[in-house]
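Below: the structure, in structure tokens.
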4 protein chains.
Amino acid sequence: MAGFDQRREQVLDGCARAFALKGYQGASIRDIARAVPMSAGGLYHYCSNKQEFLYQVCDRAFHSLIERLTTGLDGIDDPSERVHTVFKSHLAYFLERPDELITLTEDLSSLEAPWASRVRVLQRQYYGIVSDVLAPFAVPGGISLRVATMSLFGMINWVHTWYRRGADPGADALARQMSDLFLSGFAAAAPETARSVQGGSER
Amino acid sequence: MAGFDQRREQVLDGCARAFALKGYQGASIRDIARAVPMSAGGLYHYCSNKQEFLYQVCDRAFHSLIERLTTGLDGIDDPSERVHTVFKSHLAYFLERPDELITLTEDLSSLEAPWASRVRVLQRQYYGIVSDVLAPFAVPGGISLRVATMSLFGMINWVHTWYRRGADPGADALARQMSDLFLSGFAAAAPETARSVQGGSER
Amino acid sequence: MAGFDQRREQVLDGCARAFALKGYQGASIRDIARAVPMSAGGLYHYCSNKQEFLYQVCDRAFHSLIERLTTGLDGIDDPSERVHTVFKSHLAYFLERPDELITLTEDLSSLEAPWASRVRVLQRQYYGIVSDVLAPFAVPGGISLRVATMSLFGMINWVHTWYRRGADPGADALARQMSDLFLSGFAAAAPETARSVQGGSER
Amino acid sequence: MAGFDQRREQVLDGCARAFALKGYQGASIRDIARAVPMSAGGLYHYCSNKQEFLYQVCDRAFHSLIERLTTGLDGIDDPSERVHTVFKSHLAYFLERPDELITLTEDLSSLEAPWASRVRVLQRQYYGIVSDVLAPFAVPGGISLRVATMSLFGMINWVHTWYRRGADPGADALARQMSDLFLSGFAAAAPETARSVQGGSER
DNA sequence: TATGAATGAGCATTCATTCAT
DNA sequence: AATGAATGAATGCTCATTCAT
């Protein structure tokens with residue numbers, strides 16, 4: 001039983017790797033089998049079809065993200081620090097298990113009924129937590145909470161397209177830069193010239 | 001000759017629609033043929049293979065983006081306003097031709113050699129322009145220009161996943177919110193309580 | 001157009017041959033392709049799936065049977081001779097196109113919705129014609145028309161399991177024996193001993 | 001040992017049910033396993049492969065048919081009554097164990113070497129008994145014994161395709177109708193009109 | 001005996017692509 | 001310029017069968 005569950009984890013890891021590498025549509029069952037490794041037929045002990053593999057990968061990833069984030073936010077009261085925690089938690093997970101997060105970001109749209117709706121519940125839950133963290137900063141007439149939340153997700157979900165391990169900063173440093181940018185803006189620490197021009201040229 | 005070029009545009013429009021709908025890997029030549037509409041065999045008068053269609057769509061899209069952005073930036077000197085122009089130009093194009101931008105965002109990674117390298121030149125050119133627009137705000141020891149640029153692209157490239165026509169703001173309003181967020185941060189106009197707490201936790 | 005329809009006939013002939021040889025379930029698409037001959041993929045220009053091939057074969061066969069039988073019965077008034085015509089018409093078709101009739105007899109039960117119901121209409125039509133031919137011989141309290149009709153079909157549909165070309169009688173002679181058996185019984189011309197015993201045990 | 005043999009009977013019952021329902025080719029080992037019920041792997045304690053299951057089902061069925069028929073014929077001297085016994089014995093078995101007889105009728109042709117030849121011995125034995133029962137009615141120049149025997153088998157082997165429990169007569173009544181039809185013909189008791197016409201066209 | 005994970009061959013079907021028309 | 005029949009490779013998936021437990 002334990003052996004079976006352990007093997008399932010290996011299988012899902014292989015799925016995530018294959019999906020991340022070639023995309024859900026581009027990854028064949030044989031690609032997954034090669035990544036596990038296992039025979040193509042044998043994979044069907046762990047799913048009833050390919051869609052279910054995508055579902056299981058996404059489900060597992062969202063559960064991890066949610067659990068890590070709620071744990072990470074626990075005991076942190078400062079609103080800004082809570083925002084920083086969102087970035088840090090998500091980016092740390094991305095750097096630990098990039099395949100899962102790449103799959104989640106790129107292939108979630110390939111998930112069909114009835115799996116899609118089940119994952120969307122988790123997605124909304126995760127978005128909800130983040131939105132709640134951002135809510136204290138929302139002001140009527142200002143940037144809408146929705147736009148801010150989606151912008152935050154855009155920032156972190158885009159990371160996998162450009163991040164280079166070694167060359168780019170680690171999870172903490174990157175999270176710090178990104179949360180600073182998100183909360184205070186890129187112009188916050190801009191040199192005097194630019195800042196004054198910005199102020200003076202307002203229209 | 002003009003007729004041929006006009007037909008080619010229709011063909012590329014069909015490709016973009018099919019790619020945006022099902023993804024490059026998920027869209028079959030017959031899907032494209034249905035979207036044009038034209039017979040599957042007939043499509044091969046306009047390409048030598050499916051990859052080339054993806055290349056043509058991406059190439060056309062990047063050229064449009066670059067041309068619109070350079071035109072848009074022309075004559076604007078204020079650094080902040082230039083940033084705003086980046087958002088506005090990109091978002092306007094997305095709302096005008098969503099299929100092309102969705103294809104660019106989601107399927108560029110499916111482009112293989114030797115087309116990929118040719119498109120990457122345009123991509124770098126576009127990123128370069130944007131990076132130059134952001135450069136005046138960069139400060140040593142602060143948020144890196146690279147992280148800022150990539151964050152900006154994350155924000156705008158993620159829009160297609162959540163934007164709902166009618167419900168969400170138009171290109172101008174959205175660009176204003178996003179450039180404000182990007183330049184001044186979400187906390188800029190936050191209520192006193194949140195701001196003070198933030199201030200207290202500043203480091 | 002004519003070429004396409006002609007090719008379709010060849011394809012259906014190949015289907016019938018493959019189905020007759022290995023059974024519907026046992027015949028693979030590649031078996032059919034080999035029997036036509038044509039590539040497996042190419043077959044899908046003539047059907048949307050394997051079931052549809054079975055449908056087309058059965059449909060064509062029933063139409064032929066019905067047309068031949070109605071033509072054959074035309075102008076024949078004598079009830080016994082009409083019964084004989086049923087046997088003759090069916091057996092002649094069997095000897096001309098055994099593959100189709102074997103498929104009809106053995107594989108009709110493999111036809112699924114929604115094709116099954118469409119073929120069942122033809123089947124009932126054919127059964128109806130035969131039943132009407134037998135009706136004049138039915139008597140209340142005697143052998144039921146239903147049992148008689150089904151027995152007749154049992155007799156002729158079983159032929160393909162034992163008939164050996166060359167060794168067994170031709171269509172006409174076989175039909176004569178079978179219709180005699182069906183109408184007058186095997187004991188009709190039995191030797192005195194058997195007949196008298198039979199008569200004595202009548203109840 | 002007794003437990004094993006009992007279990008083997010259950011396994012063969014499951015095979016017969018699965019084969020009758022989906023056909024030999026259409027029934028998977030897992031279908032059989034579900035019908036027993038037992039795990040797929042466990043079935044291989046009772047056979048060396050799927051063909052052997054078909055063999056065992058057919059073998060058992062033919063042995064039953066032969067034993068029941070010889071027992072049934074024992075002590076019956078009247079030729080007609082012996083024919084009736086053939087119908088009654090076979091139909092009774094069909095109604096008691098339809099799955100086995102359906103398998104025998106539909107799937108015997110799927111049995112391959114070397115099992116086929118072994119079963120064919122039993123088949124010929126059963127056919128031989130029936131043929132011997134019919135022999136007293138054969139007359140030179142009349143309906144051949146072979147055609148008569150095969151027609152009888154056609155009649156009874158077709159029953160499973162149309163018989164509806166409840167709606168159609170029981171084994172005895174059906175056997176009576178069928179043996180009457182077989183021995184005396186459907187026209188035997190036909191109304192005067194039909195009979196006279198038949199008589200007039202006699203040749 | 002019985003299980004169920006595992007395999008490799010085979011399945012029906014779809015694919016990108018070619019080519020005669 | 002355009003069609004659609006045709007192909008061979010590849011797809012997701014099921015199969016009969018094996019074997020460690």
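Identifiers for the structure tokens are assigned positionally: chains receive A, B, ... in sequence, residues are indexed from 1 per chain, and ligands are indexed from 1 in the order shown.
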Shell around region 5-20 of chain E at 10 Å using only C-alpha atoms (C1' of nucleotides), local window under 5 positions removed, as a tab-separated table (two decimals) with C-alpha atoms (C1' of nucleotides), in the first residue's frame:
```
chain	number	residue	atom	x	y	z
A	4	PHE	CA	1.91	1.80	-4.26
A	38	MET	CA	7.76	2.62	-16.72
A	39	SER	CA	5.98	0.94	-19.59
A	40	ALA	CA	3.21	2.93	-21.25
A	41	GLY	CA	0.62	0.30	-20.42
A	42	GLY	CA	1.69	0.16	-16.80
A	43	LEU	CA	0.88	3.84	-16.31
A	45	HIS	CA	-2.64	1.46	-13.10
B	28	SER	CA	-4.46	20.07	-36.15
B	29	ILE	CA	-3.94	21.18	-39.73
B	30	ARG	CA	-7.58	20.30	-40.24
B	40	ALA	CA	-6.08	20.96	-45.49
B	41	GLY	CA	-4.07	20.31	-48.61
B	44	TYR	CA	0.41	23.93	-47.99
B	48	SER	CA	5.96	24.17	-46.01
B	49	ASN	CA	4.84	22.76	-42.68
B	50	LYS	CA	2.88	23.50	-39.53
C	28	SER	CA	-8.67	-5.35	-37.13
C	29	ILE	CA	-8.69	-2.23	-39.22
C	30	ARG	CA	-5.35	-3.43	-40.53
C	40	ALA	CA	-5.33	1.70	-42.59
C	41	GLY	CA	-5.51	5.45	-42.37
C	44	TYR	CA	-11.20	6.54	-42.75
C	48	SER	CA	-15.94	7.55	-39.37
C	49	ASN	CA	-15.20	4.39	-37.43
C	50	LYS	CA	-15.17	0.61	-37.61
F	5	DA	C1'	-7.82	10.77	-51.56
F	6	DA	C1'	-4.00	8.56	-49.84
F	7	DT	C1'	-0.07	7.37	-46.81
F	9	DA	C1'	3.99	7.32	-38.44
F	10	DA	C1'	2.35	8.27	-34.14
F	11	DT	C1'	-1.45	8.84	-30.83
F	12	DG	C1'	-4.06	7.29	-26.35
F	13	DC	C1'	-5.43	3.17	-24.72
F	14	DT	C1'	-6.55	-2.06	-23.94
F	15	DC	C1'	-5.01	-6.57	-24.32
F	16	DA	C1'	-3.45	-11.32	-22.79
F	17	DT	C1'	-0.16	-12.77	-20.03
F	18	DT	C1'	3.59	-13.00	-16.25
F	19	DC	C1'	5.27	-12.96	-11.70
F	20	DA	C1'	6.63	-11.34	-7.03
```
Item to check | After fitting chain D to chain B over every Cα pair taken in order, the RMSD | outcome: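 The C-alpha RMSD comes out at 0.1 Å.
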Item to check | Long-range neighbours of Ala18 (chain A) as number ranges by chain, 8 Å cut-off, only C-alpha atoms (C1' of nucleotides), 3 positions minimum in chain | outcome: A: 14-15, 21-24, 27, 31-32, 35
Using only N, CA, C and O atoms, please write the residues we just selected to a file, as an mmCIF file, in the first residue's frame.
```cif
data_model
loop_
_atom_site.group_PDB
_atom_site.id
_atom_site.type_symbol
_atom_site.label_atom_id
_atom_site.label_comp_id
_atom_site.auth_asym_id
_atom_site.auth_seq_id
_atom_site.Cartn_x
_atom_site.Cartn_y
_atom_site.Cartn_z
ATOM 1 N N GLY A 14 7.037 12.025 -12.874
ATOM 2 C CA GLY A 14 7.333 11.820 -14.292
ATOM 3 C C GLY A 14 6.368 12.582 -15.179
ATOM 4 O O GLY A 14 6.763 13.187 -16.178
ATOM 5 N N CYS A 15 5.100 12.565 -14.817
ATOM 6 C CA CYS A 15 4.095 13.318 -15.571
ATOM 7 C C CYS A 15 4.456 14.797 -15.581
ATOM 8 O O CYS A 15 4.462 15.435 -16.642
ATOM 9 N N LEU A 21 8.140 19.739 -19.864
ATOM 10 C CA LEU A 21 9.108 19.760 -20.962
ATOM 11 C C LEU A 21 8.456 19.979 -22.326
ATOM 12 O O LEU A 21 8.924 20.777 -23.135
ATOM 13 N N LYS A 22 7.354 19.295 -22.559
ATOM 14 C CA LYS A 22 6.744 19.335 -23.889
ATOM 15 C C LYS A 22 5.338 19.909 -23.895
ATOM 16 O O LYS A 22 4.713 20.002 -24.954
ATOM 17 N N GLY A 23 4.810 20.230 -22.733
ATOM 18 C CA GLY A 23 3.426 20.656 -22.663
ATOM 19 C C GLY A 23 2.500 19.451 -22.612
ATOM 20 O O GLY A 23 2.863 18.381 -23.094
ATOM 21 N N TYR A 24 1.327 19.645 -22.043
ATOM 22 C CA TYR A 24 0.406 18.514 -21.898
ATOM 23 C C TYR A 24 0.096 17.876 -23.247
ATOM 24 O O TYR A 24 0.177 16.663 -23.404
ATOM 25 N N ALA A 27 3.213 16.187 -24.851
ATOM 26 C CA ALA A 27 3.794 15.024 -24.165
ATOM 27 C C ALA A 27 2.933 13.803 -24.423
ATOM 28 O O ALA A 27 1.742 13.805 -24.119
ATOM 29 N N ASP A 31 6.133 9.430 -23.707
ATOM 30 C CA ASP A 31 7.069 10.383 -23.111
ATOM 31 C C ASP A 31 7.019 10.276 -21.590
ATOM 32 O O ASP A 31 8.063 10.271 -20.921
ATOM 33 N N ILE A 32 5.811 10.224 -21.062
ATOM 34 C CA ILE A 32 5.655 10.097 -19.612
ATOM 35 C C ILE A 32 6.296 8.798 -19.143
ATOM 36 O O ILE A 32 7.044 8.783 -18.159
ATOM 37 N N ALA A 35 9.813 9.081 -18.820
ATOM 38 C CA ALA A 35 10.237 9.970 -17.737
ATOM 39 C C ALA A 35 10.112 9.325 -16.365
ATOM 40 O O ALA A 35 10.791 9.741 -15.422
#
```
Next on the checklist: Please list as an NGL selection string every residue within 12 Å of Glu106 (chain B), counting only C-alpha atoms (C1' of nucleotides) and excluding residues in the same chain fewer than 4 positions away.
Outcome noted: (:A and (23 or 105-110 or 158 or 161)) or (:B and (16 or 19-26 or 54 or 58 or 98-102 or 110-111 or 157-158 or 160-161))
Next on the checklist: So the first atom is CA of Gln123 (chain D) and the second is CA of Ala61 (chain D); what is the distance between them in Å, to one decimal place?
Outcome noted: 10.2 Å
Item to check | Spatial neighbours of Tyr126 (chain B), max dist 8 Å, only C-alpha atoms (C1' of nucleotides), sep filter under 2 positions, as a PyMOL selection string | outcome: chain B and resi 62+65-66+122-124+128-130
Could you please take those selected residues and save all heavy atoms as a PDB file, in the first residue's frame?
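Output contents, as saved in selection21.pdb:
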```
ATOM      1  N   PHE B  62       4.936  39.929 -33.596  1.00  0.00           N
ATOM      2  CA  PHE B  62       6.029  40.723 -33.014  1.00  0.00           C
ATOM      3  C   PHE B  62       6.294  41.978 -33.829  1.00  0.00           C
ATOM      4  O   PHE B  62       6.553  43.052 -33.259  1.00  0.00           O
ATOM      5  CB  PHE B  62       7.309  39.892 -32.898  1.00  0.00           C
ATOM      6  CG  PHE B  62       7.482  39.271 -31.545  1.00  0.00           C
ATOM      7  CD1 PHE B  62       7.755  37.919 -31.410  1.00  0.00           C
ATOM      8  CD2 PHE B  62       7.369  40.042 -30.389  1.00  0.00           C
ATOM      9  CE1 PHE B  62       7.916  37.349 -30.144  1.00  0.00           C
ATOM     10  CE2 PHE B  62       7.533  39.475 -29.119  1.00  0.00           C
ATOM     11  CZ  PHE B  62       7.800  38.130 -29.006  1.00  0.00           C
ATOM     12  N   LEU B  65       3.667  44.422 -32.844  1.00  0.00           N
ATOM     13  CA  LEU B  65       3.904  44.945 -31.493  1.00  0.00           C
ATOM     14  C   LEU B  65       5.023  45.974 -31.502  1.00  0.00           C
ATOM     15  O   LEU B  65       4.907  47.060 -30.914  1.00  0.00           O
ATOM     16  CB  LEU B  65       4.276  43.799 -30.541  1.00  0.00           C
ATOM     17  CG  LEU B  65       3.130  42.936 -30.018  1.00  0.00           C
ATOM     18  CD1 LEU B  65       3.665  41.729 -29.262  1.00  0.00           C
ATOM     19  CD2 LEU B  65       2.201  43.761 -29.113  1.00  0.00           C
ATOM     20  N   ILE B  66       6.108  45.649 -32.187  1.00  0.00           N
ATOM     21  CA  ILE B  66       7.265  46.540 -32.226  1.00  0.00           C
ATOM     22  C   ILE B  66       6.927  47.845 -32.938  1.00  0.00           C
ATOM     23  O   ILE B  66       7.225  48.945 -32.452  1.00  0.00           O
ATOM     24  CB  ILE B  66       8.457  45.841 -32.917  1.00  0.00           C
ATOM     25  CG1 ILE B  66       8.979  44.718 -32.015  1.00  0.00           C
ATOM     26  CG2 ILE B  66       9.564  46.837 -33.246  1.00  0.00           C
ATOM     27  CD1 ILE B  66       9.941  43.772 -32.701  1.00  0.00           C
ATOM     28  N   LEU B 122      13.380  39.043 -32.709  1.00  0.00           N
ATOM     29  CA  LEU B 122      12.318  40.049 -32.574  1.00  0.00           C
ATOM     30  C   LEU B 122      11.896  40.200 -31.118  1.00  0.00           C
ATOM     31  O   LEU B 122      11.652  41.304 -30.633  1.00  0.00           O
ATOM     32  CB  LEU B 122      11.106  39.633 -33.417  1.00  0.00           C
ATOM     33  CG  LEU B 122      11.336  39.575 -34.925  1.00  0.00           C
ATOM     34  CD1 LEU B 122      10.111  38.997 -35.620  1.00  0.00           C
ATOM     35  CD2 LEU B 122      11.637  40.973 -35.455  1.00  0.00           C
ATOM     36  N   GLN B 123      11.804  39.024 -30.446  1.00  0.00           N
ATOM     37  CA  GLN B 123      11.415  39.053 -29.037  1.00  0.00           C
ATOM     38  C   GLN B 123      12.412  39.901 -28.235  1.00  0.00           C
ATOM     39  O   GLN B 123      12.010  40.759 -27.447  1.00  0.00           O
ATOM     40  CB  GLN B 123      11.382  37.624 -28.494  1.00  0.00           C
ATOM     41  CG  GLN B 123      10.789  37.501 -27.101  1.00  0.00           C
ATOM     42  CD  GLN B 123      10.833  36.079 -26.580  1.00  0.00           C
ATOM     43  OE1 GLN B 123      11.614  35.260 -27.079  1.00  0.00           O
ATOM     44  NE2 GLN B 123       9.992  35.759 -25.602  1.00  0.00           N
ATOM     45  N   ARG B 124      13.682  39.667 -28.467  1.00  0.00           N
ATOM     46  CA  ARG B 124      14.702  40.435 -27.751  1.00  0.00           C
ATOM     47  C   ARG B 124      14.612  41.915 -28.104  1.00  0.00           C
ATOM     48  O   ARG B 124      14.824  42.780 -27.262  1.00  0.00           O
ATOM     49  CB  ARG B 124      16.100  39.890 -28.064  1.00  0.00           C
ATOM     50  CG  ARG B 124      16.545  38.838 -27.048  1.00  0.00           C
ATOM     51  CD  ARG B 124      18.044  38.611 -27.116  1.00  0.00           C
ATOM     52  NE  ARG B 124      18.412  37.901 -28.336  1.00  0.00           N
ATOM     53  CZ  ARG B 124      18.655  36.596 -28.394  1.00  0.00           C
ATOM     54  NH1 ARG B 124      18.575  35.868 -27.304  1.00  0.00           N
ATOM     55  NH2 ARG B 124      18.968  36.014 -29.532  1.00  0.00           N
ATOM     56  N   GLY B 128      13.957  44.619 -25.500  1.00  0.00           N
ATOM     57  CA  GLY B 128      14.963  45.679 -25.405  1.00  0.00           C
ATOM     58  C   GLY B 128      14.336  47.051 -25.357  1.00  0.00           C
ATOM     59  O   GLY B 128      14.727  47.912 -24.547  1.00  0.00           O
ATOM     60  N   ILE B 129      13.359  47.276 -26.204  1.00  0.00           N
ATOM     61  CA  ILE B 129      12.687  48.570 -26.215  1.00  0.00           C
ATOM     62  C   ILE B 129      12.055  48.843 -24.858  1.00  0.00           C
ATOM     63  O   ILE B 129      12.211  49.917 -24.269  1.00  0.00           O
ATOM     64  CB  ILE B 129      11.611  48.618 -27.330  1.00  0.00           C
ATOM     65  CG1 ILE B 129      12.262  48.442 -28.701  1.00  0.00           C
ATOM     66  CG2 ILE B 129      10.813  49.919 -27.256  1.00  0.00           C
ATOM     67  CD1 ILE B 129      11.266  48.241 -29.837  1.00  0.00           C
ATOM     68  N   VAL B 130      11.352  47.827 -24.363  1.00  0.00           N
ATOM     69  CA  VAL B 130      10.676  47.992 -23.072  1.00  0.00           C
ATOM     70  C   VAL B 130      11.703  48.220 -21.967  1.00  0.00           C
ATOM     71  O   VAL B 130      11.535  49.097 -21.114  1.00  0.00           O
ATOM     72  CB  VAL B 130       9.800  46.764 -22.764  1.00  0.00           C
ATOM     73  CG1 VAL B 130       9.261  46.833 -21.336  1.00  0.00           C
ATOM     74  CG2 VAL B 130       8.665  46.662 -23.773  1.00  0.00           C
TER      75      VAL B 130
END
```
Checklist entry - Quick one: residues within 6 Å of region 177-186 of chain C, only C-alpha atoms (C1' of nucleotides) counted, chain neighbours fewer than 5 positions away excluded, as an MDAnalysis selection string? => result (chainID C and resid 84) or (chainID D and resid 143 182:187)
How would the residues just chosen look if you wrote them out with N, CA and C atoms as a PDB file, in the first residue's frame?
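So part-v9.pdb came out as:
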```
ATOM      1  N   HIS C  84     -40.612 -21.545 -51.678  1.00  0.00           N
ATOM      2  CA  HIS C  84     -39.406 -22.030 -52.352  1.00  0.00           C
ATOM      3  C   HIS C  84     -38.539 -20.866 -52.823  1.00  0.00           C
TER       4      HIS C  84
ATOM      5  N   ILE D 143     -34.853 -35.724 -49.661  1.00  0.00           N
ATOM      6  CA  ILE D 143     -34.009 -34.781 -48.947  1.00  0.00           C
ATOM      7  C   ILE D 143     -32.831 -35.543 -48.351  1.00  0.00           C
ATOM      8  N   PHE D 182     -40.423 -30.000 -38.392  1.00  0.00           N
ATOM      9  CA  PHE D 182     -39.335 -30.722 -39.037  1.00  0.00           C
ATOM     10  C   PHE D 182     -39.807 -32.014 -39.688  1.00  0.00           C
ATOM     11  N   LEU D 183     -40.704 -32.712 -39.010  1.00  0.00           N
ATOM     12  CA  LEU D 183     -41.123 -34.015 -39.530  1.00  0.00           C
ATOM     13  C   LEU D 183     -42.267 -33.919 -40.536  1.00  0.00           C
ATOM     14  N   SER D 184     -43.217 -33.043 -40.242  1.00  0.00           N
ATOM     15  CA  SER D 184     -44.414 -33.015 -41.093  1.00  0.00           C
ATOM     16  C   SER D 184     -44.521 -31.783 -41.973  1.00  0.00           C
ATOM     17  N   GLY D 185     -43.706 -30.783 -41.690  1.00  0.00           N
ATOM     18  CA  GLY D 185     -43.732 -29.580 -42.512  1.00  0.00           C
ATOM     19  C   GLY D 185     -44.765 -28.583 -42.047  1.00  0.00           C
ATOM     20  N   PHE D 186     -44.527 -27.348 -42.444  1.00  0.00           N
ATOM     21  CA  PHE D 186     -45.408 -26.271 -42.006  1.00  0.00           C
ATOM     22  C   PHE D 186     -46.752 -26.354 -42.720  1.00  0.00           C
ATOM     23  N   ALA D 187     -46.766 -26.923 -43.928  1.00  0.00           N
ATOM     24  CA  ALA D 187     -47.997 -26.971 -44.712  1.00  0.00           C
ATOM     25  C   ALA D 187     -48.912 -28.104 -44.255  1.00  0.00           C
TER      26      ALA D 187
END
```
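Within 8 Å of chain D, and counting only C-alpha atoms (C1' of nucleotides), chain E contributes DT1, DA2, DT3 and DG4 of chain E.
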Next on the checklist: When you look at Val147 (chain B) with a cut-off of 12 Å (counting only C-alpha atoms (C1' of nucleotides)), what residues show up, excluding the ones that are within fewer than 5 positions of it in the same chain? I need them as a ChimeraX atom specification.
Outcome noted: /A:155-156,158-159,162-164,167-169,173-182,186 /B:131,134-135,138,142,152-154,182
Output for the residues just chosen: N, CA, C and O atoms as a compact mmCIF listing (two decimals), in the first residue's frame:
```txt
# COMPACT_ATOMS: atom_id res chain seq x y z
N MET A 155 3.06 38.27 -12.52
CA MET A 155 4.48 38.42 -12.21
C MET A 155 5.11 37.07 -11.84
O MET A 155 6.17 36.70 -12.35
N ILE A 156 4.46 36.35 -10.92
CA ILE A 156 5.08 35.11 -10.44
C ILE A 156 4.90 33.95 -11.41
O ILE A 156 5.74 33.07 -11.50
N TRP A 158 4.99 34.15 -14.55
CA TRP A 158 5.81 34.38 -15.75
C TRP A 158 7.28 34.01 -15.49
O TRP A 158 8.07 33.83 -16.42
N VAL A 159 7.61 33.91 -14.22
CA VAL A 159 9.00 33.68 -13.83
C VAL A 159 9.63 32.49 -14.55
O VAL A 159 10.78 32.55 -15.01
N TRP A 162 11.64 32.95 -17.81
CA TRP A 162 12.89 33.69 -17.95
C TRP A 162 13.94 33.34 -16.89
O TRP A 162 15.12 33.63 -17.07
N TYR A 163 13.46 32.69 -15.83
CA TYR A 163 14.38 32.44 -14.71
C TYR A 163 15.51 31.50 -15.10
O TYR A 163 15.26 30.44 -15.66
N ARG A 164 16.74 31.88 -14.78
CA ARG A 164 17.88 31.00 -15.01
C ARG A 164 18.58 30.71 -13.69
O ARG A 164 19.10 31.62 -13.05
N ALA A 167 22.13 32.22 -12.39
CA ALA A 167 22.27 33.59 -12.86
C ALA A 167 21.31 34.54 -12.13
O ALA A 167 21.66 35.67 -11.81
N ASP A 168 20.09 34.06 -11.89
CA ASP A 168 19.09 34.94 -11.27
C ASP A 168 19.06 34.72 -9.76
O ASP A 168 19.50 33.68 -9.25
N PRO A 169 18.53 35.72 -9.02
CA PRO A 169 18.52 35.63 -7.56
C PRO A 169 17.70 34.45 -7.03
O PRO A 169 16.80 33.97 -7.72
N ALA A 173 15.58 36.49 -2.28
CA ALA A 173 15.97 37.77 -2.88
C ALA A 173 15.00 38.18 -3.98
O ALA A 173 14.59 39.35 -4.07
N LEU A 174 14.61 37.21 -4.78
CA LEU A 174 13.69 37.51 -5.87
C LEU A 174 12.33 37.93 -5.30
O LEU A 174 11.71 38.90 -5.78
N ALA A 175 11.90 37.23 -4.28
CA ALA A 175 10.62 37.58 -3.66
C ALA A 175 10.67 38.99 -3.09
O ALA A 175 9.71 39.75 -3.18
N ARG A 176 11.81 39.33 -2.50
CA ARG A 176 11.94 40.68 -1.93
C ARG A 176 11.84 41.74 -3.02
O ARG A 176 11.07 42.70 -2.91
N GLN A 177 12.55 41.54 -4.12
CA GLN A 177 12.47 42.50 -5.23
C GLN A 177 11.05 42.61 -5.77
O GLN A 177 10.54 43.70 -6.02
N MET A 178 10.43 41.46 -5.92
CA MET A 178 9.11 41.47 -6.53
C MET A 178 8.06 42.06 -5.61
O MET A 178 7.17 42.80 -6.04
N SER A 179 8.15 41.76 -4.33
CA SER A 179 7.14 42.33 -3.42
C SER A 179 7.37 43.83 -3.27
O SER A 179 6.40 44.60 -3.17
N ASP A 180 8.62 44.25 -3.27
CA ASP A 180 8.90 45.70 -3.26
C ASP A 180 8.30 46.36 -4.50
O ASP A 180 7.63 47.39 -4.40
N LEU A 181 8.56 45.75 -5.62
CA LEU A 181 8.02 46.30 -6.86
C LEU A 181 6.50 46.36 -6.79
O LEU A 181 5.87 47.37 -7.12
N PHE A 182 5.93 45.27 -6.33
CA PHE A 182 4.46 45.20 -6.30
C PHE A 182 3.88 46.23 -5.33
O PHE A 182 2.88 46.88 -5.62
N PHE A 186 8.22 50.43 -9.16
CA PHE A 186 9.59 50.47 -9.67
C PHE A 186 10.18 51.85 -9.51
O PHE A 186 11.39 52.04 -9.36
N SER B 131 12.75 47.44 -22.02
CA SER B 131 13.79 47.58 -21.00
C SER B 131 14.37 48.99 -21.02
O SER B 131 14.60 49.59 -19.96
N LEU B 134 12.22 51.31 -19.27
CA LEU B 134 12.24 51.19 -17.81
C LEU B 134 13.55 51.65 -17.19
O LEU B 134 13.61 51.99 -16.00
N ALA B 135 14.60 51.66 -18.02
CA ALA B 135 15.95 51.91 -17.50
C ALA B 135 16.07 53.17 -16.63
O ALA B 135 16.75 53.13 -15.59
N ALA B 138 15.73 52.53 -12.96
CA ALA B 138 16.57 51.55 -12.27
C ALA B 138 17.57 52.24 -11.36
O ALA B 138 18.10 53.30 -11.72
N GLY B 142 18.83 48.49 -6.02
CA GLY B 142 17.37 48.35 -5.94
C GLY B 142 16.89 47.16 -6.75
O GLY B 142 17.64 46.21 -6.98
N LEU B 152 7.03 43.20 -15.62
CA LEU B 152 6.08 43.93 -16.48
C LEU B 152 5.50 42.99 -17.53
O LEU B 152 4.28 42.95 -17.73
N PHE B 153 6.35 42.21 -18.15
CA PHE B 153 5.84 41.28 -19.17
C PHE B 153 4.93 40.22 -18.55
O PHE B 153 3.95 39.81 -19.15
N GLY B 154 5.27 39.81 -17.33
CA GLY B 154 4.39 38.86 -16.65
C GLY B 154 3.01 39.45 -16.48
O GLY B 154 2.00 38.81 -16.77
N PHE B 182 2.69 49.34 -11.46
CA PHE B 182 4.08 49.02 -11.75
C PHE B 182 5.02 50.11 -11.26
O PHE B 182 6.08 49.83 -10.70
```
